[in-house]
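Student: Input structure21.txt, format and content: compact mmCIF, C-alpha atoms.
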```
# COMPACT_ATOMS: atom_id res chain seq x y z
CA MET X 1 29.48 3.96 33.54
CA ALA X 2 29.98 1.35 30.86
CA VAL X 3 32.85 0.06 28.76
CA TYR X 4 32.59 0.60 25.01
CA LYS X 5 34.85 -0.85 22.33
CA LEU X 6 35.15 1.41 19.33
CA THR X 7 36.93 1.39 16.00
CA VAL X 8 38.14 4.91 15.30
CA ASN X 9 40.04 5.54 12.07
CA GLY X 10 40.75 1.83 11.86
CA GLN X 11 42.16 1.55 15.36
CA ARG X 12 40.54 -0.33 18.25
CA LYS X 13 39.77 1.87 21.24
CA GLU X 14 38.16 1.19 24.59
CA VAL X 15 36.51 3.79 26.79
CA ASN X 16 34.68 3.68 30.09
CA VAL X 17 32.05 6.43 30.11
CA ASP X 18 28.45 7.16 31.01
CA PRO X 19 26.17 5.74 28.27
CA SER X 20 24.65 9.18 27.70
CA THR X 21 28.02 10.79 26.93
CA PRO X 22 27.97 12.20 23.39
CA LEU X 23 30.50 10.66 21.01
CA LEU X 24 32.02 14.12 20.52
CA TRP X 25 33.20 14.27 24.11
CA VAL X 26 34.55 10.74 23.99
CA LEU X 27 36.61 11.69 20.95
CA ARG X 28 37.84 14.95 22.40
CA GLU X 29 38.19 14.23 26.12
CA GLU X 30 38.79 10.49 26.34
CA LEU X 31 40.69 9.85 23.12
CA LYS X 32 42.24 13.33 22.87
CA MET X 33 41.27 13.64 19.21
CA THR X 34 40.49 17.34 19.11
CA GLY X 35 40.12 17.76 15.35
CA THR X 36 36.35 17.32 15.71
CA LYS X 37 34.92 20.56 17.07
CA TYR X 38 32.18 21.50 19.50
CA GLY X 39 29.99 24.17 17.92
CA CYS X 40 26.37 24.36 19.04
CA GLY X 41 25.86 21.07 20.88
CA ILE X 42 22.40 20.56 19.35
CA SER X 43 23.31 19.34 15.83
CA ALA X 44 22.49 22.73 14.35
CA CYS X 45 25.89 23.78 12.98
CA GLY X 46 27.70 20.67 11.70
CA ALA X 47 31.09 21.42 13.29
CA CYS X 48 31.10 18.06 15.10
CA THR X 49 30.44 15.93 12.01
CA VAL X 50 32.16 12.55 11.83
CA HIS X 51 31.31 9.40 9.89
CA VAL X 52 29.67 6.56 11.78
CA ASP X 53 29.28 3.41 9.72
CA GLY X 54 29.79 5.55 6.63
CA VAL X 55 27.10 8.11 7.43
CA ALA X 56 27.91 11.74 8.18
CA THR X 57 26.80 12.06 11.79
CA ARG X 58 26.60 14.92 14.29
CA SER X 59 28.67 13.52 17.12
CA CYS X 60 27.44 16.10 19.65
CA VAL X 61 23.99 14.47 19.83
CA LEU X 62 24.98 10.82 19.49
CA PRO X 63 25.16 9.16 22.92
CA MET X 64 27.67 6.38 23.29
CA SER X 65 24.86 3.91 23.95
CA LEU X 66 23.69 4.37 20.35
CA VAL X 67 27.03 4.32 18.55
CA GLY X 68 27.01 1.50 16.02
CA GLY X 69 29.75 0.87 13.49
CA PRO X 70 33.23 2.16 12.77
CA ILE X 71 34.00 5.84 13.22
CA ILE X 72 36.04 8.03 10.89
CA THR X 73 37.11 11.47 12.09
CA ILE X 74 38.96 14.31 10.41
CA GLU X 75 42.20 12.81 11.71
CA GLY X 76 41.62 9.69 9.61
CA ILE X 77 39.83 11.04 6.58
CA ALA X 78 42.95 11.18 4.41
CA GLN X 79 43.26 7.37 4.66
CA ASP X 80 40.53 7.31 2.04
CA PRO X 81 41.10 8.44 -1.60
CA VAL X 82 38.00 10.66 -1.56
CA GLY X 83 39.00 12.17 1.76
CA ARG X 84 42.51 12.81 0.48
CA ALA X 85 41.19 14.51 -2.66
CA VAL X 86 38.92 16.74 -0.59
CA GLN X 87 41.68 17.75 1.80
CA GLU X 88 44.00 18.57 -1.10
CA ALA X 89 41.28 20.62 -2.78
CA TRP X 90 40.71 22.49 0.49
CA VAL X 91 44.39 23.45 0.51
CA ASP X 92 44.48 24.27 -3.20
CA LYS X 93 41.47 26.58 -2.94
CA ASP X 94 42.65 28.07 0.34
CA VAL X 95 39.19 27.49 1.77
CA VAL X 96 39.90 28.01 5.43
CA GLN X 97 39.58 31.34 7.21
CA CYS X 98 39.32 30.83 10.99
CA GLY X 99 39.04 27.08 10.42
CA TYR X 100 36.76 26.16 13.30
CA CYS X 101 33.98 24.65 11.18
CA GLN X 102 36.22 23.16 8.51
CA SER X 103 36.66 19.64 9.83
CA GLY X 104 32.87 19.27 9.83
CA GLN X 105 32.67 20.83 6.36
CA ILE X 106 35.20 18.33 5.03
CA MET X 107 33.42 15.37 6.61
CA SER X 108 30.14 16.36 4.98
CA ALA X 109 31.83 17.05 1.64
CA VAL X 110 33.45 13.61 1.69
CA ALA X 111 30.08 11.99 2.46
CA LEU X 112 28.60 13.82 -0.53
CA LEU X 113 31.38 12.84 -2.92
CA LYS X 114 31.40 9.22 -1.82
CA ALA X 115 27.72 8.98 -2.78
CA THR X 116 27.77 11.40 -5.75
CA SER X 117 31.11 11.66 -7.45
CA LYS X 118 29.98 14.40 -9.86
CA PRO X 119 27.67 16.58 -7.79
CA THR X 120 25.59 19.37 -9.25
CA GLU X 121 25.32 22.80 -7.66
CA ALA X 122 22.02 21.65 -6.19
CA ASN X 123 23.61 18.50 -4.73
CA ILE X 124 26.28 20.62 -3.04
CA GLU X 125 23.71 23.09 -1.75
CA GLU X 126 21.54 20.33 -0.30
CA SER X 127 24.29 18.22 1.25
CA MET X 128 26.22 21.10 2.78
CA GLY X 129 23.18 23.00 4.07
CA GLY X 130 23.67 21.74 7.62
CA ASN X 131 27.24 23.00 7.96
CA LEU X 132 27.51 26.63 9.01
CA CYS X 133 30.55 28.87 8.54
CA ARG X 134 30.59 32.18 10.39
CA CYS X 135 33.45 33.35 8.16
CA ALA X 136 31.20 32.69 5.15
CA THR X 137 33.71 30.61 3.21
CA TYR X 138 30.81 29.00 1.35
CA VAL X 139 31.96 30.07 -2.12
CA ARG X 140 35.39 28.53 -1.63
CA ILE X 141 33.87 25.39 -0.08
CA ARG X 142 31.75 24.94 -3.19
CA GLU X 143 34.75 25.45 -5.47
CA ALA X 144 36.84 22.98 -3.50
CA ILE X 145 34.14 20.31 -3.71
CA LYS X 146 33.92 20.78 -7.47
CA SER X 147 37.69 20.69 -7.75
CA ALA X 148 37.91 17.46 -5.75
CA ALA X 149 35.13 15.94 -7.87
CA GLN X 150 37.10 16.62 -11.04
CA LYS X 151 40.01 14.61 -9.68
CA LEU X 152 37.95 11.60 -8.62
CA MET M 1 -44.77 -35.83 24.60
CA LEU M 2 -45.48 -32.37 25.86
CA GLY M 3 -41.83 -31.47 25.59
CA HIS M 4 -41.68 -32.74 22.02
CA ARG M 5 -44.73 -30.64 21.06
CA ALA M 6 -43.29 -27.56 22.70
CA GLY M 7 -40.09 -28.14 20.81
CA LEU M 8 -41.96 -28.27 17.53
CA LEU M 9 -43.73 -25.03 18.33
CA LEU M 10 -40.61 -23.26 19.49
CA THR M 11 -38.40 -24.21 16.56
CA PRO M 12 -40.04 -21.83 14.01
CA LEU M 13 -40.00 -19.10 16.63
CA PHE M 14 -36.30 -19.70 17.32
CA LEU M 15 -35.43 -19.70 13.63
CA GLY M 16 -37.39 -16.48 13.19
CA ILE M 17 -35.41 -14.78 15.91
CA ILE M 18 -32.13 -15.90 14.34
CA ALA M 19 -33.26 -14.68 10.92
CA ALA M 20 -34.33 -11.31 12.30
CA TRP M 21 -30.99 -10.96 14.12
CA MET M 22 -29.05 -11.75 10.95
CA LEU M 23 -31.19 -9.31 8.95
CA VAL M 24 -30.65 -6.44 11.34
CA TYR M 25 -26.98 -7.00 12.09
CA GLY M 26 -26.06 -8.28 8.65
CA ALA M 27 -27.39 -5.09 7.08
CA PHE M 28 -24.81 -3.11 9.02
CA GLY M 29 -22.00 -5.52 8.39
CA HIS M 30 -21.68 -6.47 12.05
CA VAL M 31 -21.37 -10.18 11.59
CA GLY M 32 -17.80 -11.31 12.22
CA ASN M 33 -16.79 -8.32 14.35
CA PRO M 34 -17.18 -9.65 17.87
CA GLU M 35 -14.89 -6.93 19.23
CA HIS M 36 -17.12 -4.19 17.83
CA PRO M 37 -20.58 -5.74 17.48
CA ALA M 38 -22.05 -2.27 17.07
CA ALA M 39 -19.67 -1.16 14.31
CA ASN M 40 -21.53 0.48 11.47
CA PRO M 41 -20.56 3.10 8.89
CA ALA M 42 -21.72 5.99 11.05
CA ASP M 43 -19.67 4.75 14.00
CA GLY M 44 -16.77 4.14 11.64
CA LEU M 45 -16.93 7.68 10.28
CA ALA M 46 -17.04 9.09 13.80
CA ALA M 47 -14.01 6.97 14.67
CA TRP M 48 -12.25 8.20 11.54
CA GLU M 49 -12.68 11.81 12.64
CA GLN M 50 -10.86 10.92 15.86
CA ILE M 51 -8.08 9.29 13.86
CA TYR M 52 -7.94 12.35 11.60
CA SER M 53 -7.43 14.61 14.61
CA VAL M 54 -4.28 12.61 15.43
CA LEU M 55 -2.95 12.33 11.89
CA THR M 56 -3.15 16.09 11.43
CA SER M 57 -1.38 16.87 14.69
CA PRO M 58 2.11 18.31 14.28
CA ARG M 59 3.76 15.12 15.53
CA CYS M 60 2.41 13.25 12.49
CA LEU M 61 1.98 16.00 9.92
CA ASN M 62 5.52 17.37 10.14
CA CYS M 63 6.82 14.26 8.37
CA HIS M 64 3.79 13.65 6.12
CA THR M 65 4.55 16.72 4.05
CA ALA M 66 3.74 17.63 0.46
CA THR M 67 7.07 19.41 0.14
CA ASN M 68 10.61 18.22 -0.51
CA TYR M 69 11.52 18.98 3.08
CA PRO M 70 10.23 18.16 6.56
CA HIS M 71 8.58 20.56 8.96
CA GLN M 72 9.17 20.94 12.67
CA GLY M 73 7.59 22.40 15.77
CA ASP M 74 3.96 22.91 16.73
CA ASP M 75 3.79 25.80 14.24
CA ARG M 76 5.01 23.36 11.59
CA HIS M 77 7.70 25.64 10.22
CA ARG M 78 10.18 24.43 7.63
CA HIS M 79 12.96 22.29 9.10
CA PHE M 80 16.02 24.44 9.67
CA ALA M 81 19.38 23.99 7.90
CA ASN M 82 17.92 23.50 4.45
CA VAL M 83 17.15 19.87 5.23
CA ILE M 84 15.91 18.11 2.07
CA ARG M 85 13.67 15.08 1.62
CA GLY M 86 16.09 13.24 -0.70
CA PRO M 87 15.18 10.46 -3.12
CA GLU M 88 14.12 7.98 -0.41
CA GLY M 89 12.75 10.38 2.19
CA LYS M 90 15.90 9.97 4.26
CA GLY M 91 17.78 13.16 3.41
CA VAL M 92 20.85 13.44 1.21
CA PRO M 93 24.48 12.33 1.66
CA GLY M 94 26.10 14.59 4.24
CA LEU M 95 22.72 15.61 5.59
CA ASN M 96 20.71 12.45 6.12
CA CYS M 97 17.87 12.36 8.62
CA VAL M 98 20.00 10.00 10.71
CA SER M 99 22.88 12.46 10.70
CA CYS M 100 21.10 14.09 13.64
CA HIS M 101 18.09 11.91 14.51
CA HIS M 102 19.36 8.77 16.15
CA GLU M 103 17.60 5.66 17.45
CA ALA M 104 16.08 7.44 20.43
CA ASN M 105 15.28 10.95 21.62
CA ALA M 106 18.38 12.80 22.78
CA GLU M 107 17.03 14.22 26.02
CA SER M 108 20.16 16.20 26.81
CA THR M 109 19.92 18.21 23.58
CA GLY M 110 16.25 17.99 22.63
CA VAL M 111 16.90 16.38 19.25
CA PRO M 112 14.09 13.89 18.63
CA GLY M 113 14.94 10.40 17.51
CA GLY M 114 13.52 6.99 16.72
CA PRO M 115 14.43 3.94 14.67
CA ASP M 116 15.05 4.66 10.97
CA TRP M 117 13.98 8.30 11.17
CA HIS M 118 12.60 9.35 7.78
CA LEU M 119 9.83 11.19 5.98
CA ALA M 120 6.63 9.52 4.83
CA PRO M 121 6.54 9.12 1.03
CA LEU M 122 5.07 12.00 -0.95
CA SER M 123 2.13 9.75 -1.86
CA MET M 124 1.20 9.86 1.83
CA HIS M 125 1.25 13.64 2.20
CA TRP M 126 -1.48 14.95 4.47
CA GLN M 127 -0.96 18.66 3.92
CA ASP M 128 -0.99 20.95 0.90
CA LEU M 129 1.89 23.01 -0.41
CA SER M 130 0.74 25.93 1.73
CA ASN M 131 1.24 23.82 4.85
CA ARG M 132 -2.50 23.44 5.50
CA PRO M 133 -3.81 20.00 6.54
CA LEU M 134 -5.76 18.24 3.79
CA SER M 135 -9.45 17.69 4.42
CA SER M 136 -10.67 14.72 6.39
CA ALA M 137 -11.94 13.09 3.17
CA ALA M 138 -8.62 13.61 1.36
CA VAL M 139 -6.51 12.23 4.21
CA CYS M 140 -8.84 9.24 4.51
CA ARG M 141 -8.51 8.54 0.80
CA SER M 142 -4.73 8.79 1.10
CA VAL M 143 -4.65 6.42 4.06
CA THR M 144 -6.92 3.82 2.46
CA ASP M 145 -5.71 3.90 -1.15
CA ARG M 146 -3.70 0.71 -1.43
CA SER M 147 -2.01 1.93 -4.60
CA THR M 148 -0.27 4.65 -2.60
CA ASN M 149 -0.27 3.44 1.01
CA GLU M 150 2.22 0.62 0.50
CA ASN M 151 -0.66 -1.80 -0.08
CA MET M 152 -2.00 -1.71 3.47
CA ASP M 153 -5.50 -3.07 4.03
CA GLY M 154 -7.49 -2.43 7.20
CA GLN M 155 -5.64 -5.02 9.25
CA ALA M 156 -2.27 -3.74 8.05
CA LEU M 157 -3.28 -0.18 8.95
CA LEU M 158 -4.32 -1.44 12.37
CA LYS M 159 -0.93 -3.06 12.83
CA HIS M 160 0.82 0.07 11.53
CA HIS M 161 -0.96 2.27 14.06
CA GLU M 162 -0.31 -0.21 16.83
CA GLN M 163 3.31 -1.17 16.24
CA ALA M 164 5.17 1.11 13.80
CA GLU M 165 7.97 2.64 15.79
CA LEU M 166 7.73 6.12 14.30
CA VAL M 167 3.96 6.10 14.91
CA LEU M 168 4.58 5.20 18.54
CA TRP M 169 7.17 7.99 18.75
CA ALA M 170 4.32 10.53 18.49
CA TRP M 171 3.34 9.57 22.05
CA ASN M 172 6.92 9.62 23.24
CA PRO M 173 8.28 12.70 21.46
CA GLY M 174 10.79 13.70 24.09
CA THR M 175 11.67 17.20 25.13
CA ARG M 176 12.42 20.33 23.18
CA PRO M 177 15.88 21.91 23.38
CA ASP M 178 14.54 24.19 26.14
CA GLY M 179 13.60 21.12 28.21
CA SER M 180 9.82 21.44 27.84
CA THR M 181 7.84 18.41 26.70
CA ARG M 182 6.71 18.30 23.08
CA THR M 183 2.98 18.50 22.53
CA LEU M 184 1.28 15.13 22.29
CA PRO M 185 -1.44 14.17 19.78
CA PRO M 186 -4.99 14.98 20.95
CA LEU M 187 -5.78 11.33 21.81
CA THR M 188 -3.84 8.84 23.88
CA HIS M 189 -2.42 5.93 21.95
CA ALA M 190 -5.02 3.65 23.57
CA GLU M 191 -7.82 5.96 22.41
CA PHE M 192 -6.24 6.16 18.96
CA MET M 193 -6.14 2.36 18.74
CA ALA M 194 -9.72 2.02 19.94
CA ALA M 195 -10.82 4.44 17.22
CA THR M 196 -8.73 2.60 14.61
CA ARG M 197 -10.23 -0.77 15.59
CA LEU M 198 -13.73 0.63 15.30
CA TRP M 199 -12.96 2.27 11.97
CA VAL M 200 -11.41 -0.94 10.56
CA ALA M 201 -14.29 -3.03 11.89
CA ALA M 202 -16.70 -0.72 10.08
CA GLY M 203 -14.81 -1.27 6.82
CA THR M 204 -12.54 1.84 6.87
CA PRO M 205 -15.28 4.22 5.67
CA CYS M 206 -14.22 7.65 4.40
CA PRO M 207 -16.18 10.89 4.45
CA LYS M 208 -17.46 12.10 1.12
CA GLY M 209 -16.15 15.28 -0.44
CA LYS M 210 -12.90 16.77 -1.63
```
In structure tokens, what does this structure look like?
Tutor:
Amino acid sequence: MAVYKLTVNGQRKEVNVDPSTPLLWVLREELKMTGTKYGCGISACGACTVHVDGVATRSCVLPMSLVGGPIITIEGIAQDPVGRAVQEAWVDKDVVQCGYCQSGQIMSAVALLKATSKPTEANIEESMGGNLCRCATYVRIREAIKSAAQKL
Amino acid sequence: MLGHRAGLLLTPLFLGIIAAWMLVYGAFGHVGNPEHPAANPADGLAAWEQIYSVLTSPRCLNCHTATNYPHQGDDRHRHFANVIRGPEGKGVPGLNCVSCHHEANAESTGVPGGPDWHLAPLSMHWQDLSNRPLSSAAVCRSVTDRSTNENMDGQALLKHHEQAELVLWAWNPGTRPDGSTRTLPPLTHAEFMAATRLWVAAGTPCPKGK
């Protein structure tokens, strides 16, 4: 076990966990922030995406020993203007069906729009390719990203 | 007196031996390579073929692609999830290489990792667009062309093979998601370095041909 000091959504946190514990389980089990979802556990679906030091990161494969930099989760994404625009677009376009993958979808979309404020169809396709949706809400996801981009 | 005469007689003989040694070894470019006094182009080419066998193993080739995406696995299939090379070989926002590949292998999940995980530049591709390894001559040209290899001379290539963290990863590739160990390159790292030293000492010769 080891003590780790984290900054999550701007707040200082301290946890005492095994160094191999994935960040996902620290967020969900230790910090009780359950907005970030467990999907596949092998970084293949994108449901667990958070931002670590500004980079969209699959938290299910990131051991605590390798966490470097502040963490933003779905609970804190609306603190940021781009995150707020994306969340509003998600509501406007009624993107969500079952909703399980959507926090990861939003985290990846925000990462895209922070780097590319006016993304092309190809940009969206490439950046969102690692986020799966079993309800196949892909068309609405794409529309919401374009809608958010227009407001940025 | 006798010793002085002997010395006079022996001096031309000694100089002749030195000259003959320089002629023979100098012709093969051996002078100045004490670590590989026998290095010559033929030895260098043989060493290169050993290096080539490593560079075209899946652990190296999967990230030295000619495509706008990486490959994965021993069958070198396209990386899943529509992963894209991106402008700097590091993926794209939202789906960077480091989104999944962290500083070290994730043994619990089988996701490989190493410092600054990224693709080699397109100028250093070692396969064609049909996913076939380039020829030995073509890979050698790619590796030694300083206009495309980030200006690395023989010594820099030696250092790259010896110390670059993603090169070293090939011999510490971790486990697959099913827990089995990833296939290693056909040479040990020590054998790979011995071949590289020999090849560099011989002047980084490349095979002729396409």
Student: Grab the atom CA of Leu198 of chain M to atom CA of Gly174 of chain M distance for me, in Å with one decimal place.
Tutor: 29.1 Å
Student: Using only C-alpha atoms and a cutoff of 9 Å, can you tell me which residues are near (39.3, 12.9, 12.6) in the file's coordinates, and write them out as a ChimeraX atom specification?
Tutor: /X:8-9,27,33-36,50,71-77,103,107
Student: For Thr49 of chain X, which of M:Arg146, M:Asn96, M:Arg78, M:Phe192 is the closest residue, counting all atoms listed in the file?
Tutor: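 Ranked by minimum distance to Thr49 of chain X, first place goes to M:Asn96.
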Student: Determine the nearest neighbour of Gln79 of chain X from the options X:Val139, X:Cys60, X:Val110, X:Val95, counting all atoms listed in the file.
Tutor: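 Of X:Val139, X:Cys60, X:Val110, X:Val95, the one nearest Gln79 of chain X, counting all atoms listed in the file, is X:Val110.
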Student: Choose the residue, out of X:Gly46, X:Leu62, X:Thr7, X:Val52, that has the smallest atom-to-atom separation from Pro19 of chain X; count all atoms listed in the file.
Tutor: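 The answer is X:Leu62, which sits nearest to Pro19 of chain X.
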Student: Taking all atoms listed in the file into account, what are the residues of chain X at most 8 Å from chain M, put as a PDB file with C-alpha atoms, in the frame of the given file?
Tutor:
```
ATOM      1  CA  GLY X  41      25.860  21.070  20.880  1.00  0.00           C
ATOM      2  CA  ILE X  42      22.400  20.560  19.350  1.00  0.00           C
ATOM      3  CA  SER X  43      23.310  19.340  15.830  1.00  0.00           C
ATOM      4  CA  ALA X  44      22.490  22.730  14.350  1.00  0.00           C
ATOM      5  CA  VAL X  55      27.100   8.110   7.430  1.00  0.00           C
ATOM      6  CA  ALA X  56      27.910  11.740   8.180  1.00  0.00           C
ATOM      7  CA  THR X  57      26.800  12.060  11.790  1.00  0.00           C
ATOM      8  CA  ARG X  58      26.600  14.920  14.290  1.00  0.00           C
ATOM      9  CA  VAL X  61      23.990  14.470  19.830  1.00  0.00           C
ATOM     10  CA  LEU X  62      24.980  10.820  19.490  1.00  0.00           C
ATOM     11  CA  PRO X  63      25.160   9.160  22.920  1.00  0.00           C
ATOM     12  CA  LEU X  66      23.690   4.370  20.350  1.00  0.00           C
ATOM     13  CA  MET X 107      33.420  15.370   6.610  1.00  0.00           C
ATOM     14  CA  SER X 108      30.140  16.360   4.980  1.00  0.00           C
ATOM     15  CA  ALA X 109      31.830  17.050   1.640  1.00  0.00           C
ATOM     16  CA  VAL X 110      33.450  13.610   1.690  1.00  0.00           C
ATOM     17  CA  ALA X 111      30.080  11.990   2.460  1.00  0.00           C
ATOM     18  CA  LEU X 112      28.600  13.820  -0.530  1.00  0.00           C
ATOM     19  CA  ALA X 115      27.720   8.980  -2.780  1.00  0.00           C
ATOM     20  CA  GLU X 126      21.540  20.330  -0.300  1.00  0.00           C
ATOM     21  CA  SER X 127      24.290  18.220   1.250  1.00  0.00           C
ATOM     22  CA  MET X 128      26.220  21.100   2.780  1.00  0.00           C
ATOM     23  CA  GLY X 129      23.180  23.000   4.070  1.00  0.00           C
ATOM     24  CA  GLY X 130      23.670  21.740   7.620  1.00  0.00           C
ATOM     25  CA  ASN X 131      27.240  23.000   7.960  1.00  0.00           C
TER      26      ASN X 131
END
```
Student: How far is it from atom CA of Trp90 of chain X to atom CA of Arg134 of chain X, in Å with one decimal?
Tutor: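 Atom CA of Arg134 of chain X lies 17.2 Å from atom CA of Trp90 of chain X.
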Student: Quick one, how far is atom CA of His51 of chain X from atom CA of Gly89 of chain M?
Tutor: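 Computing it gives 20.1 Å between the two atoms.
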Student: Which residues of segment 72-184 of chain M come within 9 Å of segment 49-53 of chain M, and what is each one's closest atom pair and distance in Å (one decimal), counting only C-alpha atoms, sorted by chain and residue number, as a Markdown table?
Tutor:
```
| residue | atom | partner | partner_atom | distance |
| --- | --- | --- | --- | --- |
| M:Ser136 | CA | M:Tyr52 | CA | 6.3 |
| M:Val139 | CA | M:Tyr52 | CA | 7.5 |
| M:Cys140 | CA | M:Tyr52 | CA | 7.8 |
```
Student: Env of segment 59-64 of chain M: 7 Å cut, atoms = only C-alpha atoms, seq-sep filter 2 positions within chain, self excluded. Answer as a list in words.
Tutor: Leu55, Thr56, Ser57, Ala66, Pro70, His71, Gln72, Arg76, Leu119, Ala120, Met124, His125, Trp126, Ala170 and Pro185 of chain M
Student: With N, CA, C and O atoms as the target, complete segment 56-69 of chain X and hand it back as a PDB file, in the frame of the given file.
Tutor:
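So the final result, stored in part_0.pdb, reads:
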```pdb
ATOM      1  N   ALA X  56      27.540  10.488   7.504  1.00  0.00           N
ATOM      2  CA  ALA X  56      27.910  11.740   8.180  1.00  0.00           C
ATOM      3  C   ALA X  56      26.984  11.936   9.373  1.00  0.00           C
ATOM      4  O   ALA X  56      25.764  11.926   9.238  1.00  0.00           O
ATOM      5  N   THR X  57      27.573  12.100  10.546  1.00  0.00           N
ATOM      6  CA  THR X  57      26.800  12.060  11.790  1.00  0.00           C
ATOM      7  C   THR X  57      27.244  13.200  12.711  1.00  0.00           C
ATOM      8  O   THR X  57      28.443  13.454  12.854  1.00  0.00           O
ATOM      9  N   ARG X  58      26.271  13.860  13.328  1.00  0.00           N
ATOM     10  CA  ARG X  58      26.600  14.920  14.290  1.00  0.00           C
ATOM     11  C   ARG X  58      26.943  14.260  15.624  1.00  0.00           C
ATOM     12  O   ARG X  58      26.068  13.787  16.348  1.00  0.00           O
ATOM     13  N   SER X  59      28.216  14.278  15.937  1.00  0.00           N
ATOM     14  CA  SER X  59      28.670  13.520  17.120  1.00  0.00           C
ATOM     15  C   SER X  59      28.242  14.168  18.430  1.00  0.00           C
ATOM     16  O   SER X  59      28.260  13.515  19.469  1.00  0.00           O
ATOM     17  N   CYS X  60      27.816  15.431  18.393  1.00  0.00           N
ATOM     18  CA  CYS X  60      27.440  16.100  19.650  1.00  0.00           C
ATOM     19  C   CYS X  60      26.111  15.612  20.197  1.00  0.00           C
ATOM     20  O   CYS X  60      25.807  15.832  21.365  1.00  0.00           O
ATOM     21  N   VAL X  61      25.300  14.956  19.355  1.00  0.00           N
ATOM     22  CA  VAL X  61      23.990  14.470  19.830  1.00  0.00           C
ATOM     23  C   VAL X  61      23.888  12.949  19.766  1.00  0.00           C
ATOM     24  O   VAL X  61      22.800  12.396  19.890  1.00  0.00           O
ATOM     25  N   LEU X  62      25.008  12.284  19.554  1.00  0.00           N
ATOM     26  CA  LEU X  62      24.980  10.820  19.490  1.00  0.00           C
ATOM     27  C   LEU X  62      25.532  10.238  20.789  1.00  0.00           C
ATOM     28  O   LEU X  62      26.746  10.242  21.012  1.00  0.00           O
ATOM     29  N   PRO X  63      24.649   9.743  21.674  1.00  0.00           N
ATOM     30  CA  PRO X  63      25.160   9.160  22.920  1.00  0.00           C
ATOM     31  C   PRO X  63      25.911   7.867  22.646  1.00  0.00           C
ATOM     32  O   PRO X  63      25.603   7.155  21.688  1.00  0.00           O
ATOM     33  N   MET X  64      26.862   7.587  23.490  1.00  0.00           N
ATOM     34  CA  MET X  64      27.670   6.380  23.290  1.00  0.00           C
ATOM     35  C   MET X  64      26.814   5.125  23.220  1.00  0.00           C
ATOM     36  O   MET X  64      27.146   4.183  22.514  1.00  0.00           O
ATOM     37  N   SER X  65      25.708   5.108  23.941  1.00  0.00           N
ATOM     38  CA  SER X  65      24.860   3.910  23.950  1.00  0.00           C
ATOM     39  C   SER X  65      24.278   3.600  22.581  1.00  0.00           C
ATOM     40  O   SER X  65      23.818   2.486  22.333  1.00  0.00           O
ATOM     41  N   LEU X  66      24.282   4.583  21.675  1.00  0.00           N
ATOM     42  CA  LEU X  66      23.690   4.370  20.350  1.00  0.00           C
ATOM     43  C   LEU X  66      24.724   4.335  19.233  1.00  0.00           C
ATOM     44  O   LEU X  66      24.363   4.286  18.060  1.00  0.00           O
ATOM     45  N   VAL X  67      25.995   4.378  19.579  1.00  0.00           N
ATOM     46  CA  VAL X  67      27.030   4.320  18.550  1.00  0.00           C
ATOM     47  C   VAL X  67      27.087   2.909  17.972  1.00  0.00           C
ATOM     48  O   VAL X  67      27.254   1.941  18.708  1.00  0.00           O
ATOM     49  N   GLY X  68      26.937   2.816  16.660  1.00  0.00           N
ATOM     50  CA  GLY X  68      27.010   1.500  16.020  1.00  0.00           C
ATOM     51  C   GLY X  68      27.846   1.597  14.758  1.00  0.00           C
ATOM     52  O   GLY X  68      27.499   2.341  13.855  1.00  0.00           O
ATOM     53  N   GLY X  69      28.926   0.869  14.695  1.00  0.00           N
ATOM     54  CA  GLY X  69      29.750   0.870  13.490  1.00  0.00           C
ATOM     55  C   GLY X  69      31.019   1.670  13.644  1.00  0.00           C
ATOM     56  O   GLY X  69      31.184   2.448  14.592  1.00  0.00           O
TER      57      GLY X  69
END
```
